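Read through the structure below, which is laid out as structure tokens, and then see the notes.
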Amino acid sequence: MQTEDGTSAAILRAAERLFAERGFEVSLREIGRSAGQRNNSAVQYHFGTRDRLIEALYAYRMVPINRRRLALIEEACADGRKLDLEQIIDLGIQPLAEHVLAHRGSSSYARFVARLVLSGDSLVPTGRDFTEGLRLLSVLSKDVMPELTEEREFLLALFTATAMANLELRCEDRSFTDEQAREVLAELRTAAIAMITAPRAG
């Protein structure tokens, strides 16, 4: 029999997969069934509402990814040198890329994030535990490139999220190798640098 914590984790993984595959109209009851719960109210018992479930899912995945990004930023800035845009792009991509490659077939987080970004939902959490790493990268980017606009940053985030979602999907195919995945990531890096450095229209 699962412990309470094990049940919560099973619900989170089921919600992540169903939200990623079908969007946010999936019923809480269906999520519970997919997690192996016979009680129709299992999701409400553990998480309350759909919004709380989404917040918990972010905490489940985003907190460790954010910690990894903060550690990489600290390491990169340890000698006091100013980072260039290529390094900043790498720091933006690497933590989620590591997650995707380490959880082949067992995580739908990148696709969940892409769905949420595209939905225009306002549930993306803020605060040091969740997005401090991304906030610091934005500060570092504008220090190197003061003309960088919020719209360009948003477009870069949207492009990266959807590209990572596609990579995660491709990684479910066992014939798609880690070497091929790294080639995709190299192309993503090149495209992201081109996007952020392209001249403004007009």
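We label chains A, B, ... in the order they appear in the structure tokens, count residues from 1 in each chain, and number ligands from 1 in the order shown.
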(request) List the neighbours of region 81-88 of chain A out to 7 Å using only C-alpha atoms; skip same-chain residues closer than 3 positions along the sequence, and give me the result as a ChimeraX atom specification. (result) /A:77,91-92,137,141,144,193
(request) Tell me which of A:Ala102, A:Ala10, A:Leu57, A:Ile73 sits closest to Ile89 (chain A), counting only C-alpha atoms. (result) A:Ile73
(request) Could you find all residues in chain A that DSSP calls alpha helix (DSSP H) from the backbone, and write them as a PyMOL selection string? (result) chain A and resi 4-22+28-34+42-47+50-76+85-102+109-119+128-144+150-170+178-197
(request) Tell me, as a ChimeraX atom specification, which residues lie within 12 Å of Val113 (chain A), counting only C-alpha atoms; anything in the same chain fewer than 6 positions away does not count. (result) /A:16-17,19-21,23-24,54-55,57-58,61-62,96,107,119-121,123-125,157-166,168
Written file, previous selection with N, CA, C and O atoms, as a compact mmCIF listing (two decimals), in the first residue's frame:
```txt
# COMPACT_ATOMS: atom_id res chain seq x y z
N GLU A 16 0.80 15.68 -14.17
CA GLU A 16 1.79 16.23 -15.09
C GLU A 16 1.61 15.63 -16.49
O GLU A 16 1.59 16.36 -17.49
N ARG A 17 1.48 14.32 -16.56
CA ARG A 17 1.35 13.66 -17.86
C ARG A 17 0.04 14.04 -18.56
O ARG A 17 0.05 14.38 -19.75
N PHE A 19 -1.99 16.68 -18.00
CA PHE A 19 -1.99 18.10 -18.35
C PHE A 19 -1.13 18.32 -19.60
O PHE A 19 -1.50 19.10 -20.49
N ALA A 20 0.04 17.67 -19.65
CA ALA A 20 0.95 17.85 -20.78
C ALA A 20 0.34 17.33 -22.07
O ALA A 20 0.47 17.94 -23.13
N GLU A 21 -0.36 16.20 -21.98
CA GLU A 21 -0.91 15.57 -23.18
C GLU A 21 -2.20 16.21 -23.65
O GLU A 21 -2.43 16.34 -24.86
N GLY A 23 -3.98 19.12 -21.89
CA GLY A 23 -4.37 20.44 -21.42
C GLY A 23 -5.00 20.39 -20.04
O GLY A 23 -5.08 19.32 -19.41
N PHE A 24 -5.51 21.51 -19.61
CA PHE A 24 -5.91 21.67 -18.21
C PHE A 24 -7.40 21.44 -17.96
O PHE A 24 -7.90 21.72 -16.88
N ILE A 54 -1.74 22.39 -9.52
CA ILE A 54 -0.76 22.95 -10.46
C ILE A 54 0.41 23.59 -9.71
O ILE A 54 1.58 23.42 -10.07
N GLU A 55 0.10 24.31 -8.64
CA GLU A 55 1.15 24.93 -7.82
C GLU A 55 2.06 23.85 -7.22
O GLU A 55 3.29 24.00 -7.19
N LEU A 57 2.60 20.90 -8.40
CA LEU A 57 3.37 20.29 -9.48
C LEU A 57 4.58 21.15 -9.83
O LEU A 57 5.67 20.63 -10.08
N TYR A 58 4.39 22.46 -9.82
CA TYR A 58 5.53 23.34 -10.02
C TYR A 58 6.57 23.15 -8.92
O TYR A 58 7.77 23.08 -9.18
N ARG A 61 8.69 19.93 -9.32
CA ARG A 61 9.72 19.92 -10.36
C ARG A 61 10.57 21.19 -10.38
O ARG A 61 11.78 21.14 -10.56
N MET A 62 9.93 22.36 -10.22
CA MET A 62 10.65 23.60 -10.43
C MET A 62 11.64 23.91 -9.32
O MET A 62 12.72 24.46 -9.58
N LEU A 96 17.06 22.53 -17.15
CA LEU A 96 15.92 21.81 -17.69
C LEU A 96 16.37 20.72 -18.64
O LEU A 96 15.79 19.62 -18.68
N SER A 107 9.04 11.68 -17.05
CA SER A 107 8.63 13.05 -16.74
C SER A 107 8.02 13.70 -17.97
O SER A 107 8.50 13.50 -19.09
N SER A 119 -1.09 28.59 -22.48
CA SER A 119 -2.46 28.81 -22.02
C SER A 119 -2.69 30.22 -21.52
O SER A 119 -3.83 30.65 -21.34
N GLY A 120 -1.59 30.95 -21.27
CA GLY A 120 -1.72 32.29 -20.71
C GLY A 120 -2.11 32.28 -19.25
O GLY A 120 -2.51 33.30 -18.70
N ASP A 121 -1.96 31.12 -18.60
CA ASP A 121 -2.35 30.99 -17.20
C ASP A 121 -1.44 31.84 -16.32
O ASP A 121 -0.26 32.00 -16.59
N LEU A 123 -0.75 31.13 -13.15
CA LEU A 123 -0.39 30.34 -11.98
C LEU A 123 1.10 30.09 -11.84
O LEU A 123 1.51 29.43 -10.91
N VAL A 124 1.90 30.59 -12.77
CA VAL A 124 3.34 30.40 -12.64
C VAL A 124 3.80 31.08 -11.35
O VAL A 124 3.63 32.29 -11.19
N PRO A 125 4.37 30.32 -10.42
CA PRO A 125 4.72 30.90 -9.12
C PRO A 125 5.95 31.80 -9.20
O PRO A 125 6.76 31.68 -10.13
N ALA A 157 11.84 32.83 -23.91
CA ALA A 157 11.33 31.84 -22.96
C ALA A 157 10.30 30.93 -23.62
O ALA A 157 10.30 29.71 -23.39
N LEU A 158 9.43 31.50 -24.44
CA LEU A 158 8.42 30.71 -25.14
C LEU A 158 9.06 29.73 -26.11
O LEU A 158 8.70 28.55 -26.17
N PHE A 159 10.03 30.21 -26.88
CA PHE A 159 10.74 29.36 -27.82
C PHE A 159 11.46 28.22 -27.10
O PHE A 159 11.37 27.04 -27.50
N THR A 160 12.14 28.55 -26.00
CA THR A 160 12.88 27.53 -25.26
C THR A 160 11.94 26.50 -24.66
O THR A 160 12.22 25.29 -24.70
N ALA A 161 10.81 26.95 -24.09
CA ALA A 161 9.86 26.04 -23.47
C ALA A 161 9.30 25.04 -24.48
O ALA A 161 9.22 23.84 -24.22
N THR A 162 8.92 25.54 -25.66
CA THR A 162 8.33 24.64 -26.67
C THR A 162 9.39 23.72 -27.27
O THR A 162 9.11 22.54 -27.56
N ALA A 163 10.61 24.21 -27.43
CA ALA A 163 11.69 23.37 -27.95
C ALA A 163 12.02 22.26 -26.96
O ALA A 163 12.24 21.10 -27.36
N MET A 164 12.06 22.58 -25.68
CA MET A 164 12.32 21.57 -24.65
C MET A 164 11.19 20.55 -24.58
O MET A 164 11.41 19.36 -24.37
N ALA A 165 9.96 21.02 -24.75
CA ALA A 165 8.81 20.10 -24.75
C ALA A 165 8.93 19.10 -25.90
O ALA A 165 8.67 17.90 -25.73
N ASN A 166 9.32 19.59 -27.06
CA ASN A 166 9.49 18.71 -28.21
C ASN A 166 10.63 17.72 -27.97
O ASN A 166 10.51 16.53 -28.31
N GLU A 168 11.66 16.60 -25.08
CA GLU A 168 11.19 15.63 -24.09
C GLU A 168 10.33 14.55 -24.75
O GLU A 168 10.47 13.36 -24.44
```
(message) As an exercise, work out the distance from CA of Asp90 (chain A) to CA of Ile65 (chain A) in Å and give it to one decimal place.
(response) 14.0 Å
(message) Need the shell around His46 (chain A): protein/DNA/RNA residues with any atom at most 7 Å away, counting only C-alpha atoms. Skip same-chain ones fewer than 3 positions apart. Format as a ChimeraX atom specification?
(response) /A:8,42-43
File dump, residues just selected, N, CA, C and O atoms, as a PDB file, in the first residue's frame:
```pdb
ATOM      1  N   SER A   8       0.671  11.097  -3.020  1.00  0.00           N
ATOM      2  CA  SER A   8       0.765  12.465  -3.530  1.00  0.00           C
ATOM      3  C   SER A   8       1.668  12.530  -4.756  1.00  0.00           C
ATOM      4  O   SER A   8       1.341  13.181  -5.756  1.00  0.00           O
ATOM      5  N   ALA A  42      -9.721  11.598  -4.182  1.00  0.00           N
ATOM      6  CA  ALA A  42      -8.332  11.499  -3.725  1.00  0.00           C
ATOM      7  C   ALA A  42      -7.531  12.759  -4.024  1.00  0.00           C
ATOM      8  O   ALA A  42      -6.752  13.234  -3.194  1.00  0.00           O
ATOM      9  N   VAL A  43      -7.719  13.323  -5.235  1.00  0.00           N
ATOM     10  CA  VAL A  43      -6.944  14.513  -5.604  1.00  0.00           C
ATOM     11  C   VAL A  43      -7.340  15.694  -4.719  1.00  0.00           C
ATOM     12  O   VAL A  43      -6.481  16.435  -4.225  1.00  0.00           O
TER      13      VAL A  43
END
```
(request) Using only C-alpha atoms, determine which residues lie at most 9 Å from region 194-196 of chain A, disregarding the query and same-chain residues fewer than 5 positions distant; provide the list as a ChimeraX atom specification. (result) /A:85,148,152-153,155-156,189
(request) Name the closest residue to Ala71 (chain A) among the candidates A:Phe176, A:Glu132, A:His103, A:Arg170; distances are taken between atoms, counting only C-alpha atoms. (result) A:Glu132
(request) Find the residues near Leu18 (chain A): any atom within 10 Å, counting only C-alpha atoms, skip ones fewer than 2 places away on the same chain, and give them as a ChimeraX atom specification. (result) /A:12-16,20-27,30-31,34,108,112
Non-local contacts of Leu167 (chain A) (9 Å; only C-alpha atoms; under 6 positions in same chain excluded) as a compact mmCIF listing (two decimals) with N, CA, C and O atoms, in the first residue's frame:
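So the final result, stored in selection-v3.txt, reads:
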```txt
# COMPACT_ATOMS: atom_id res chain seq x y z
N ALA A 97 17.44 20.97 -19.41
CA ALA A 97 17.98 19.94 -20.29
C ALA A 97 18.45 18.74 -19.49
O ALA A 97 18.20 17.58 -19.87
N VAL A 100 15.37 16.77 -18.43
CA VAL A 100 14.77 16.02 -19.54
C VAL A 100 15.56 14.74 -19.83
O VAL A 100 14.99 13.65 -19.97
N ALA A 110 8.53 19.31 -19.05
CA ALA A 110 8.78 20.33 -20.07
C ALA A 110 7.51 20.58 -20.89
O ALA A 110 7.19 21.72 -21.24
N ALA A 181 20.04 13.87 -28.73
CA ALA A 181 19.44 14.89 -27.87
C ALA A 181 20.41 16.04 -27.65
O ALA A 181 20.01 17.22 -27.68
N VAL A 184 20.41 18.27 -30.61
CA VAL A 184 19.24 19.15 -30.59
C VAL A 184 19.50 20.33 -29.65
O VAL A 184 19.19 21.49 -29.97
N LEU A 185 20.06 20.05 -28.49
CA LEU A 185 20.34 21.11 -27.51
C LEU A 185 21.36 22.11 -28.06
O LEU A 185 21.26 23.31 -27.79
```
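Across the structure, CA of Asp129 (chain A) and CA of Leu72 (chain A) are spaced 15.0 Å apart.
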(message) I need the residue nearest Gln94 (chain A) from this list: A:Ala198, A:Ala186, A:Cys171, A:Met145. Use only C-alpha atoms for the distance.
(response)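 Answer, going by the shortest atom-to-atom distance: A:Ala186.
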